[in-house]
file model_11.txt (compact mmCIF, C-alpha atoms and all ligand atoms)
# COMPACT_ATOMS: atom_id res chain seq x y z
CA MET A 1 9.37 184.53 -120.97
CA ASN A 2 9.99 180.85 -121.04
CA LYS A 3 11.39 179.43 -117.85
CA GLU A 4 14.08 176.81 -118.24
CA SER A 5 15.73 174.31 -116.00
CA GLY A 6 18.24 171.56 -116.48
CA ALA A 7 18.20 170.06 -112.99
CA GLY A 8 16.59 166.85 -111.78
CA ASN A 9 16.70 163.10 -112.33
CA HIS A 10 14.83 160.58 -114.46
CA PRO A 11 13.40 157.73 -112.38
CA TYR A 12 11.11 156.49 -115.18
CA GLY A 13 13.83 155.17 -117.47
CA GLY A 14 13.58 157.90 -120.07
CA ILE A 15 16.19 158.78 -122.61
CA ASN A 16 19.40 156.86 -122.27
CA ASP A 17 22.47 156.57 -124.46
CA MET A 18 20.90 153.81 -126.56
CA LYS A 19 17.71 155.77 -127.29
CA GLN A 20 19.71 158.94 -127.89
CA LYS A 21 21.88 157.11 -130.43
CA ARG A 22 18.88 155.66 -132.27
CA ILE A 23 17.30 159.08 -132.60
CA THR A 24 20.59 160.59 -133.76
CA ASP A 25 20.97 157.75 -136.30
CA LEU A 26 17.42 158.42 -137.53
CA ARG A 27 18.17 162.13 -137.97
CA ARG A 28 21.38 161.36 -139.87
CA GLU A 29 19.73 158.72 -142.04
CA LYS A 30 16.93 161.09 -143.04
CA GLY A 31 19.15 164.17 -143.21
CA LEU A 32 17.14 166.00 -140.53
CA ASP A 33 18.35 169.10 -138.71
CA ALA A 34 15.86 168.43 -135.88
CA VAL A 35 12.96 166.24 -134.80
CA LEU A 36 9.70 167.38 -133.22
CA VAL A 37 8.06 164.64 -131.10
CA THR A 38 4.35 165.24 -130.44
CA ASN A 39 2.87 161.76 -129.96
CA PRO A 40 2.42 161.64 -126.15
CA LEU A 41 3.51 157.98 -126.09
CA ASN A 42 6.76 158.77 -127.89
CA VAL A 43 7.27 161.85 -125.71
CA ARG A 44 6.99 159.61 -122.68
CA TYR A 45 9.13 156.82 -124.15
CA ILE A 46 11.96 159.12 -125.15
CA SER A 47 11.87 161.48 -122.16
CA GLY A 48 10.64 159.18 -119.41
CA CYS A 49 8.37 161.99 -118.27
CA THR A 50 4.82 160.98 -117.35
CA ALA A 51 3.30 164.45 -117.91
CA ASP A 52 0.52 164.01 -120.43
CA THR A 53 1.03 167.34 -122.19
CA GLY A 54 4.20 168.46 -123.90
CA CYS A 55 6.47 167.88 -126.85
CA LEU A 56 10.15 167.29 -127.52
CA TYR A 57 12.49 169.22 -129.74
CA LEU A 58 15.70 167.32 -130.53
CA SER A 59 18.65 168.51 -132.59
CA ASP A 60 22.44 168.15 -132.50
CA THR A 61 22.63 170.89 -129.88
CA SER A 62 19.19 170.88 -128.22
CA CYS A 63 17.33 168.27 -126.18
CA VAL A 64 14.24 170.12 -124.96
CA PHE A 65 11.02 169.10 -123.21
CA LEU A 66 8.39 171.83 -123.76
CA THR A 67 5.38 171.84 -121.46
CA ASP A 68 3.17 174.23 -119.52
CA SER A 69 3.28 175.28 -115.87
CA ARG A 70 1.09 172.38 -114.73
CA TYR A 71 3.89 169.95 -115.53
CA THR A 72 7.20 171.78 -115.22
CA THR A 73 8.03 170.52 -111.72
CA GLN A 74 7.16 166.97 -112.71
CA ALA A 75 9.19 167.27 -115.92
CA GLN A 76 12.20 168.65 -114.05
CA GLU A 77 12.03 165.77 -111.59
CA GLU A 78 11.48 163.06 -114.17
CA CYS A 79 13.64 164.11 -117.10
CA GLY A 80 15.42 167.32 -116.13
CA GLY A 81 18.74 165.48 -115.94
CA ARG A 82 18.89 165.00 -119.69
CA PHE A 83 16.39 167.53 -121.02
CA THR A 84 16.17 171.25 -120.85
CA VAL A 85 12.65 171.77 -119.49
CA CYS A 86 11.08 174.76 -121.20
CA GLU A 87 7.90 176.15 -119.66
CA ILE A 88 5.74 177.63 -122.40
CA LYS A 89 3.63 180.75 -121.85
CA GLY A 90 0.67 182.25 -123.64
CA ARG A 91 -1.56 181.41 -126.56
CA ASN A 92 1.33 180.70 -128.96
CA GLY A 93 3.60 179.29 -126.27
CA TYR A 94 4.78 176.22 -128.15
CA THR A 95 5.48 177.93 -131.44
CA ASP A 96 7.11 180.96 -129.74
CA ALA A 97 9.48 178.71 -127.81
CA LEU A 98 10.18 176.42 -130.75
CA GLU A 99 10.93 179.40 -132.96
CA LEU A 100 13.73 180.48 -130.60
CA TYR A 101 15.33 177.04 -130.57
CA MET A 102 15.00 176.64 -134.32
CA LYS A 103 16.60 180.02 -135.00
CA GLN A 104 19.39 179.25 -132.57
CA ASP A 105 20.00 175.92 -134.35
CA ALA A 106 19.53 177.44 -137.86
CA VAL A 107 17.09 174.62 -138.65
CA CYS A 108 16.20 174.24 -142.33
CA ASN A 109 14.24 171.00 -142.13
CA ILE A 110 12.54 169.14 -139.32
CA GLY A 111 11.04 165.66 -138.97
CA PHE A 112 7.53 165.57 -137.49
CA GLU A 113 4.97 162.94 -136.56
CA ASP A 114 2.48 163.40 -139.37
CA GLU A 115 0.37 160.38 -138.34
CA VAL A 116 -0.67 161.95 -135.03
CA MET A 117 -0.88 165.63 -135.98
CA THR A 118 -4.17 167.28 -136.87
CA TRP A 119 -4.45 169.33 -140.04
CA ALA A 120 -4.99 172.44 -137.88
CA GLU A 121 -1.82 171.79 -135.84
CA ALA A 122 0.23 171.13 -138.95
CA ARG A 123 -0.95 174.39 -140.54
CA ARG A 124 -0.21 176.34 -137.36
CA TYR A 125 3.34 174.97 -137.13
CA GLN A 126 3.93 175.56 -140.83
CA GLN A 127 2.70 179.14 -140.69
CA LYS A 128 4.53 180.18 -137.53
CA LEU A 129 7.86 178.36 -137.62
CA PRO A 130 10.91 179.31 -139.68
CA VAL A 131 11.37 175.89 -141.27
CA LYS A 132 11.72 175.38 -145.02
CA GLU A 133 10.91 171.71 -145.11
CA TRP A 134 8.64 169.61 -142.92
CA ILE A 135 9.56 165.93 -143.31
CA PRO A 136 6.87 163.40 -142.33
CA LEU A 137 8.34 160.65 -140.16
CA GLN A 138 5.27 158.38 -140.45
CA ASP A 139 5.75 155.75 -137.71
CA ALA A 140 9.58 155.96 -137.50
CA LEU A 141 9.51 156.99 -133.82
CA ASP A 142 6.88 154.35 -132.92
CA GLN A 143 9.29 151.79 -134.35
CA LEU A 144 11.74 152.67 -131.56
CA ARG A 145 9.26 151.08 -129.13
CA VAL A 146 8.78 147.77 -130.95
CA ILE A 147 11.41 145.74 -129.07
CA LYS A 148 10.88 145.97 -125.35
CA SER A 149 13.57 146.38 -122.70
CA GLU A 150 13.72 144.14 -119.64
CA GLU A 151 12.22 146.94 -117.56
CA GLU A 152 9.30 147.34 -119.99
CA LEU A 153 8.73 143.56 -120.04
CA GLU A 154 8.62 143.52 -116.24
CA ARG A 155 5.94 146.22 -116.21
CA ILE A 156 3.86 144.46 -118.88
CA ALA A 157 4.17 141.18 -116.95
CA ARG A 158 3.08 142.94 -113.76
CA ALA A 159 0.09 144.51 -115.55
CA GLU A 160 -0.86 141.12 -116.96
CA SER A 161 -0.62 139.52 -113.51
CA ILE A 162 -3.07 142.12 -112.19
CA GLY A 163 -5.40 140.98 -115.00
CA ASP A 164 -4.93 137.35 -113.95
CA ALA A 165 -5.82 138.23 -110.37
CA ALA A 166 -8.90 140.12 -111.58
CA PHE A 167 -10.00 137.03 -113.50
CA SER A 168 -9.62 134.82 -110.40
CA HIS A 169 -11.68 137.38 -108.49
CA ILE A 170 -14.46 137.54 -111.05
CA LEU A 171 -14.80 133.75 -111.03
CA GLU A 172 -15.62 134.06 -107.31
CA VAL A 173 -18.36 136.64 -107.80
CA LEU A 174 -20.00 135.73 -111.14
CA ARG A 175 -23.59 134.56 -110.84
CA PRO A 176 -26.73 134.62 -113.00
CA GLY A 177 -28.61 137.90 -112.60
CA MET A 178 -25.45 140.03 -112.44
CA THR A 179 -25.36 142.51 -115.32
CA GLU A 180 -22.63 142.93 -117.92
CA LEU A 181 -22.02 146.43 -116.49
CA GLN A 182 -21.54 144.95 -113.01
CA VAL A 183 -19.08 142.38 -114.37
CA ALA A 184 -17.07 145.16 -116.02
CA ALA A 185 -17.20 147.30 -112.85
CA GLU A 186 -15.94 144.40 -110.68
CA LEU A 187 -13.01 143.77 -112.99
CA GLU A 188 -12.15 147.46 -113.18
CA TYR A 189 -12.35 148.12 -109.44
CA PHE A 190 -10.26 145.04 -108.73
CA MET A 191 -7.50 146.07 -111.16
CA LYS A 192 -7.32 149.63 -109.81
CA ASN A 193 -7.34 148.41 -106.26
CA ALA A 194 -4.45 146.10 -107.15
CA GLY A 195 -2.21 148.95 -108.32
CA ALA A 196 -3.32 149.77 -111.87
CA THR A 197 -3.43 153.48 -112.68
CA LYS A 198 -6.08 153.15 -115.35
CA LEU A 199 -7.63 150.76 -117.86
CA SER A 200 -5.77 149.98 -121.05
CA PHE A 201 -9.09 150.06 -122.98
CA ASP A 202 -12.81 149.98 -122.26
CA THR A 203 -13.64 146.66 -120.61
CA ILE A 204 -15.71 144.23 -122.65
CA ALA A 205 -18.19 141.99 -120.83
CA ALA A 206 -20.45 140.44 -123.47
CA SER A 207 -22.98 137.76 -122.63
CA GLY A 208 -25.34 135.57 -124.63
CA LEU A 209 -25.96 136.92 -128.14
CA HIS A 210 -23.77 139.96 -127.36
CA SER A 211 -20.74 137.67 -127.23
CA ALA A 212 -21.03 137.31 -131.02
CA MET A 213 -19.87 140.95 -131.26
CA PRO A 214 -16.07 140.99 -130.80
CA HIS A 215 -16.05 144.49 -129.31
CA ALA A 216 -19.47 144.58 -127.65
CA VAL A 217 -20.08 147.40 -125.15
CA PRO A 218 -21.30 146.15 -121.72
CA GLN A 219 -25.00 146.72 -121.18
CA ASP A 220 -27.48 146.68 -118.31
CA LYS A 221 -28.20 143.08 -119.32
CA GLU A 222 -28.38 140.21 -116.84
CA LEU A 223 -26.31 137.08 -117.24
CA ALA A 224 -28.60 134.13 -117.89
CA ASP A 225 -28.23 130.39 -117.64
CA GLY A 226 -26.58 128.98 -120.75
CA ASP A 227 -24.92 132.27 -121.80
CA PHE A 228 -21.40 132.53 -123.06
CA LEU A 229 -19.72 135.41 -121.23
CA THR A 230 -16.66 136.92 -122.91
CA MET A 231 -14.56 139.22 -120.73
CA ASP A 232 -11.79 141.20 -122.44
CA PHE A 233 -10.01 143.56 -120.09
CA GLY A 234 -6.71 145.16 -119.29
CA CYS A 235 -5.02 147.75 -117.14
CA VAL A 236 -2.06 150.08 -117.13
CA TYR A 237 0.70 149.48 -114.60
CA GLN A 238 3.50 152.08 -114.46
CA GLY A 239 2.58 153.17 -117.97
CA TYR A 240 2.39 149.70 -119.53
CA CYS A 241 -0.71 147.88 -120.76
CA SER A 242 -2.11 144.43 -120.20
CA ASP A 243 -4.75 142.67 -122.30
CA MET A 244 -6.50 139.35 -121.79
CA THR A 245 -9.73 137.63 -122.75
CA ARG A 246 -11.47 134.67 -121.25
CA THR A 247 -14.84 133.20 -122.20
CA VAL A 248 -16.87 131.21 -119.68
CA VAL A 249 -20.34 129.67 -119.70
CA ILE A 250 -22.99 130.60 -117.14
CA GLY A 251 -24.35 127.18 -116.07
CA LYS A 252 -23.76 124.09 -118.18
CA ALA A 253 -22.14 124.39 -121.60
CA SER A 254 -24.02 122.91 -124.57
CA ALA A 255 -22.31 120.54 -127.03
CA LYS A 256 -22.09 123.34 -129.61
CA GLN A 257 -20.56 125.74 -127.07
CA LYS A 258 -17.97 123.12 -126.14
CA GLU A 259 -17.18 122.48 -129.80
CA ILE A 260 -16.62 126.16 -130.65
CA TYR A 261 -14.60 126.74 -127.50
CA GLN A 262 -12.34 123.78 -128.30
CA VAL A 263 -11.71 125.01 -131.87
CA VAL A 264 -10.67 128.47 -130.60
CA LEU A 265 -8.47 126.95 -127.90
CA THR A 266 -6.79 124.57 -130.36
CA ALA A 267 -6.15 127.47 -132.75
CA GLN A 268 -4.64 129.53 -129.95
CA GLN A 269 -2.44 126.67 -128.74
CA ALA A 270 -1.15 126.04 -132.27
CA ALA A 271 -0.29 129.73 -132.64
CA LEU A 272 1.43 129.82 -129.25
CA GLU A 273 3.50 126.78 -130.19
CA SER A 274 4.49 128.36 -133.53
CA ILE A 275 5.64 131.79 -132.40
CA ARG A 276 9.38 132.37 -132.31
CA ALA A 277 11.89 134.94 -133.49
CA GLY A 278 12.39 134.70 -137.24
CA ARG A 279 8.78 133.91 -138.17
CA THR A 280 6.33 136.52 -139.44
CA GLY A 281 3.04 137.68 -137.97
CA SER A 282 1.25 136.58 -141.13
CA GLU A 283 2.58 133.01 -140.77
CA ILE A 284 1.32 132.77 -137.20
CA ASP A 285 -2.05 134.25 -138.14
CA ARG A 286 -2.38 131.67 -140.93
CA ILE A 287 -1.66 128.75 -138.59
CA ALA A 288 -4.50 129.71 -136.22
CA ARG A 289 -6.85 130.77 -139.02
CA ASN A 290 -6.46 127.49 -140.91
CA ILE A 291 -7.55 125.51 -137.84
CA ILE A 292 -10.67 127.63 -137.53
CA LYS A 293 -11.29 127.38 -141.29
CA ASP A 294 -10.84 123.60 -141.33
CA ALA A 295 -13.41 123.31 -138.52
CA GLY A 296 -15.91 125.17 -140.76
CA TYR A 297 -15.84 128.54 -138.96
CA GLY A 298 -13.48 130.51 -141.22
CA ASP A 299 -16.16 133.10 -142.03
CA TYR A 300 -16.65 133.84 -138.34
CA PHE A 301 -13.13 134.96 -137.41
CA GLY A 302 -12.93 138.41 -138.98
CA HIS A 303 -10.15 140.15 -137.04
CA GLY A 304 -6.41 139.61 -136.96
CA LEU A 305 -4.86 137.08 -134.57
CA GLY A 306 -3.03 139.60 -132.42
CA HIS A 307 -1.21 142.85 -131.89
CA SER A 308 1.70 144.14 -129.94
CA LEU A 309 1.24 146.29 -126.85
CA GLY A 310 3.33 148.41 -124.51
CA LEU A 311 2.70 152.04 -123.63
CA PHE A 312 -0.35 151.72 -125.90
CA ILE A 313 -2.84 148.87 -126.16
CA HIS A 314 -2.55 148.33 -129.92
CA GLU A 315 1.00 148.55 -131.21
CA GLU A 316 2.96 147.14 -134.15
CA PRO A 317 3.76 144.56 -135.32
CA ARG A 318 0.55 142.58 -135.69
CA LEU A 319 -0.11 138.91 -136.01
CA SER A 320 -2.13 139.44 -139.14
CA ALA A 321 -2.33 138.40 -142.78
CA LEU A 322 -1.41 142.02 -143.53
CA ASP A 323 1.83 142.08 -141.52
CA ASP A 324 5.01 140.42 -142.81
CA THR A 325 7.24 141.89 -140.12
CA VAL A 326 9.75 139.31 -138.94
CA LEU A 327 9.25 138.72 -135.23
CA CYS A 328 12.27 139.44 -133.01
CA GLU A 329 13.23 138.52 -129.48
CA ASN A 330 11.52 140.73 -126.87
CA MET A 331 8.66 141.80 -129.08
CA VAL A 332 5.33 141.37 -127.30
CA GLU A 333 2.21 139.99 -128.98
CA THR A 334 -1.33 139.12 -128.03
CA VAL A 335 -2.71 135.85 -129.38
CA GLU A 336 -6.48 136.17 -129.56
CA PRO A 337 -8.38 133.95 -131.98
CA GLY A 338 -12.17 133.98 -131.86
CA ILE A 339 -15.31 132.58 -133.43
CA TYR A 340 -18.37 134.82 -133.47
CA LEU A 341 -21.67 133.28 -134.58
CA PRO A 342 -24.46 135.86 -135.02
CA GLY A 343 -27.64 134.66 -133.33
CA PHE A 344 -25.70 132.16 -131.19
CA GLY A 345 -22.75 133.73 -129.37
CA GLY A 346 -19.00 133.88 -129.52
CA VAL A 347 -15.73 132.81 -127.96
CA ARG A 348 -12.38 134.59 -127.76
CA ILE A 349 -9.33 133.53 -125.77
CA GLU A 350 -6.45 135.98 -125.46
CA ASP A 351 -2.99 135.76 -123.91
CA VAL A 352 0.02 138.08 -124.05
CA VAL A 353 3.40 136.59 -124.94
CA VAL A 354 7.01 137.70 -125.22
CA VAL A 355 8.78 136.43 -128.35
CA THR A 356 11.97 134.50 -127.61
CA LYS A 357 14.66 132.92 -129.83
CA SER A 358 13.12 129.48 -129.59
CA GLY A 359 9.44 130.23 -128.90
CA CYS A 360 7.57 132.53 -126.58
CA ARG A 361 7.03 133.22 -122.89
CA ASN A 362 3.36 133.43 -121.97
CA LEU A 363 2.67 136.25 -119.49
CA THR A 364 -1.00 135.26 -119.01
CA ARG A 365 -1.45 132.57 -116.41
CA SER A 366 -5.24 132.26 -116.13
CA PRO A 367 -6.71 128.83 -116.86
CA LYS A 368 -8.08 128.11 -120.31
CA GLU A 369 -10.18 124.99 -119.92
CA LEU A 370 -13.86 125.85 -120.44
CA ILE A 371 -15.20 127.09 -117.09
CA GLU A 372 -18.88 126.55 -116.24
CA ILE A 373 -20.10 129.03 -113.62
CA GLY A 374 -22.36 127.65 -110.89
N1 LIG B 1 -10.15 144.67 -126.81
C1 LIG B 1 -8.85 145.00 -127.16
C2 LIG B 1 -8.11 143.88 -127.73
O1 LIG B 1 -8.14 142.76 -127.26
O2 LIG B 1 -7.39 144.04 -128.66
MN MN B 2 -8.23 142.15 -125.36
MN MN B 3 -5.96 142.41 -127.71
call {"tool": "encode", "arguments": {"input": "model_11.txt", "output": "structure tokens"}}
result
Amino acid sequence: MNKESGAGNHPYGGINDMKQKRITDLRREKGLDAVLVTNPLNVRYISGCTADTGCLYLSDTSCVFLTDSRYTTQAQEECGGRFTVCEIKGRNGYTDALELYMKQDAVCNIGFEDEVMTWAEARRYQQKLPVKEWIPLQDALDQLRVIKSEEELERIARAESIGDAAFSHILEVLRPGMTELQVAAELEYFMKNAGATKLSFDTIAASGLHSAMPHAVPQDKELADGDFLTMDFGCVYQGYCSDMTRTVVIGKASAKQKEIYQVVLTAQQAALESIRAGRTGSEIDRIARNIIKDAGYGDYFGHGLGHSLGLFIHEEPRLSALDDTVLCENMVETVEPGIYLPGFGGVRIEDVVVVTKSGCRNLTRSPKELIEIG
């Protein structure tokens, strides 16, 4: 039998009246009897529960968090005040429990997160559940997360400040002969020791020719005099991600290194000065890209200018030629132009900003003048 409980509190800022209303509006707008939430990030956002396994079933009469026995106590404590916590049992635990709720609610159609469901999961749900129509929601639930609350912004700012402190630390310990793997390990240990629960993505520490690869994987390769060293790193603090990149030179920078660095920095500054609510991500991308193009390096900046972040490291909307979303107050964006010259090396500089009515608030405080190590 499934064990249920409705007791508890929700210290992690889970569902509140505003979120509840937005989900109800979405159901009404799409004519849905119920919604099944399976993306762990949306489960967490809506419920406030930090358990990493479970799903939500939401209808006019049901607000249920389904999970297994490893997480029921945690779920009761974190979201039991607003959710019925249903402990699933057995091989078909989720579908058995969902079937009961769906029958009770006489559900004919249900919205589901098609973009995060495997083919096998979708087939299993379709075969076992008494639903006539499965309605793909695409990214409709992710869209709920696009504008951040003050509490979310505080957590992102705190995560970013841990990144800033890690950068100050690494400047103290960097020296020729250290390997890229050791650089990454130093950054990671520092961030965890400073309160991060995990990394927001695999740390990049790319030196010399490796720095020409935007997402190089750190190697057992020693830093050498004259190398660019690009460090792109981030952590998760109370569920929320940080992201920053700084490029330094080991020893003295050459004229060409200084030139490339200055172009990237100028492009980033222009983008930072242009961001404000009402503009689109594609406009901001174009402003930075044109500076890099005009300097003759347009072919060497292949990725978009930035992305949003929050519970996940890469969220919408993007600062990209492909994204015409109008930026709104309290959206968060990275601004990360780069130039990557195969056979020479590369530079990327990345900050995280909060969009405001008249501009943006930069959460990344680390210095950006070209730093020469040693
Ligand atoms: N390396 C992840 C990012 O900056 O987007
Ligand atoms: Mn990054
Ligand atoms: Mn980024």
call {"tool": "residues_around", "arguments": {"input": "model_11.txt", "residues": "region 355-365 of chain A", "least_positions_apart": "3", "cutoff": "6 Å", "atoms": "only C-alpha atoms", "output": "list of chain:residue names"}}
result
A:Ala157, A:Ile275, A:Arg276, A:Ala277, A:Glu329, A:Asn330, A:Met331, A:Asp351, A:Val352
call {"tool": "write_last_selection", "arguments": {"input": "model_11.txt", "atoms": "C-alpha atoms", "output": "PDB file, in the frame of the given file"}}
result
ATOM      1  CA  ALA A 157       4.170 141.180-116.950  1.00  0.00           C
ATOM      2  CA  ILE A 275       5.640 131.790-132.400  1.00  0.00           C
ATOM      3  CA  ARG A 276       9.380 132.370-132.310  1.00  0.00           C
ATOM      4  CA  ALA A 277      11.890 134.940-133.490  1.00  0.00           C
ATOM      5  CA  GLU A 329      13.230 138.520-129.480  1.00  0.00           C
ATOM      6  CA  ASN A 330      11.520 140.730-126.870  1.00  0.00           C
ATOM      7  CA  MET A 331       8.660 141.800-129.080  1.00  0.00           C
ATOM      8  CA  ASP A 351      -2.990 135.760-123.910  1.00  0.00           C
ATOM      9  CA  VAL A 352       0.020 138.080-124.050  1.00  0.00           C
TER      10      VAL A 352
END
call {"tool": "residues_near_ligand", "arguments": {"input": "model_11.txt", "ligand": "ligand LIG 1 (chain B)", "cutoff": "12 Å", "atoms": "all atoms listed in the file", "output": "PyMOL selection string"}}
result
chain A and resi 199-206+213-217+230-235+241-246+303-309+312-315+318-319+333-338+348-352
call {"tool": "closest_residue", "arguments": {"input": "model_11.txt", "among": "A:Glu273, A:Asp324, A:Ala184, A:Glu160", "to": "ligand MN 3 (chain B)", "atoms": "all atoms listed in the file"}}
result
A:Glu160
call {"tool": "atom_distance", "arguments": {"input": "model_11.txt", "atom1": "CA of Gln257 (chain A)", "atom2": "CA of His210 (chain A)"}}
result
14.6 Å
call {"tool": "closest_residue", "arguments": {"input": "model_11.txt", "among": "A:Arg28, A:Ala97, A:Thr325, A:Ser366", "to": "Ala165 (chain A)", "atoms": "all atoms listed in the file"}}
result
A:Ser366
call {"tool": "residues_near_point", "arguments": {"input": "model_11.txt", "point": "(-29.0, 133.7, -108.7)", "cutoff": "10 Å", "atoms": "all atoms listed in the file", "output": "compact mmCIF listing (two decimals) with C-alpha atoms, in the coordinates of the input"}}
result
# COMPACT_ATOMS: atom_id res chain seq x y z
CA LEU A 174 -20.00 135.73 -111.14
CA ARG A 175 -23.59 134.56 -110.84
CA PRO A 176 -26.73 134.62 -113.00
CA GLY A 177 -28.61 137.90 -112.60
CA MET A 178 -25.45 140.03 -112.44
CA LEU A 223 -26.31 137.08 -117.24
CA ALA A 224 -28.60 134.13 -117.89
CA ASP A 225 -28.23 130.39 -117.64
CA GLY A 374 -22.36 127.65 -110.89
call {"tool": "residues_near_point", "arguments": {"input": "model_11.txt", "point": "(-2.9, 127.5, -123.8)", "cutoff": "9 Å", "atoms": "all atoms listed in the file", "output": "PDB file with C-alpha atoms, in the coordinates of the input"}}
result
ATOM      1  CA  LEU A 265      -8.470 126.950-127.900  1.00  0.00           C
ATOM      2  CA  THR A 266      -6.790 124.570-130.360  1.00  0.00           C
ATOM      3  CA  GLN A 268      -4.640 129.530-129.950  1.00  0.00           C
ATOM      4  CA  GLN A 269      -2.440 126.670-128.740  1.00  0.00           C
ATOM      5  CA  ALA A 270      -1.150 126.040-132.270  1.00  0.00           C
ATOM      6  CA  LEU A 272       1.430 129.820-129.250  1.00  0.00           C
ATOM      7  CA  ASP A 351      -2.990 135.760-123.910  1.00  0.00           C
ATOM      8  CA  ASN A 362       3.360 133.430-121.970  1.00  0.00           C
ATOM      9  CA  PRO A 367      -6.710 128.830-116.860  1.00  0.00           C
ATOM     10  CA  LYS A 368      -8.080 128.110-120.310  1.00  0.00           C
ATOM     11  CA  GLU A 369     -10.180 124.990-119.920  1.00  0.00           C
TER      12      GLU A 369
END
call {"tool": "axis_aligned_box", "arguments": {"input": "model_11.txt", "around": "region 14-23 of chain A", "padding_each_side": "6 Å", "output": "AutoDock Vina command-line options"}}
result
--center_x 18.0 --center_y 156.4 --center_z -126.3 --size_x 20.9 --size_y 17.3 --size_z 24.5
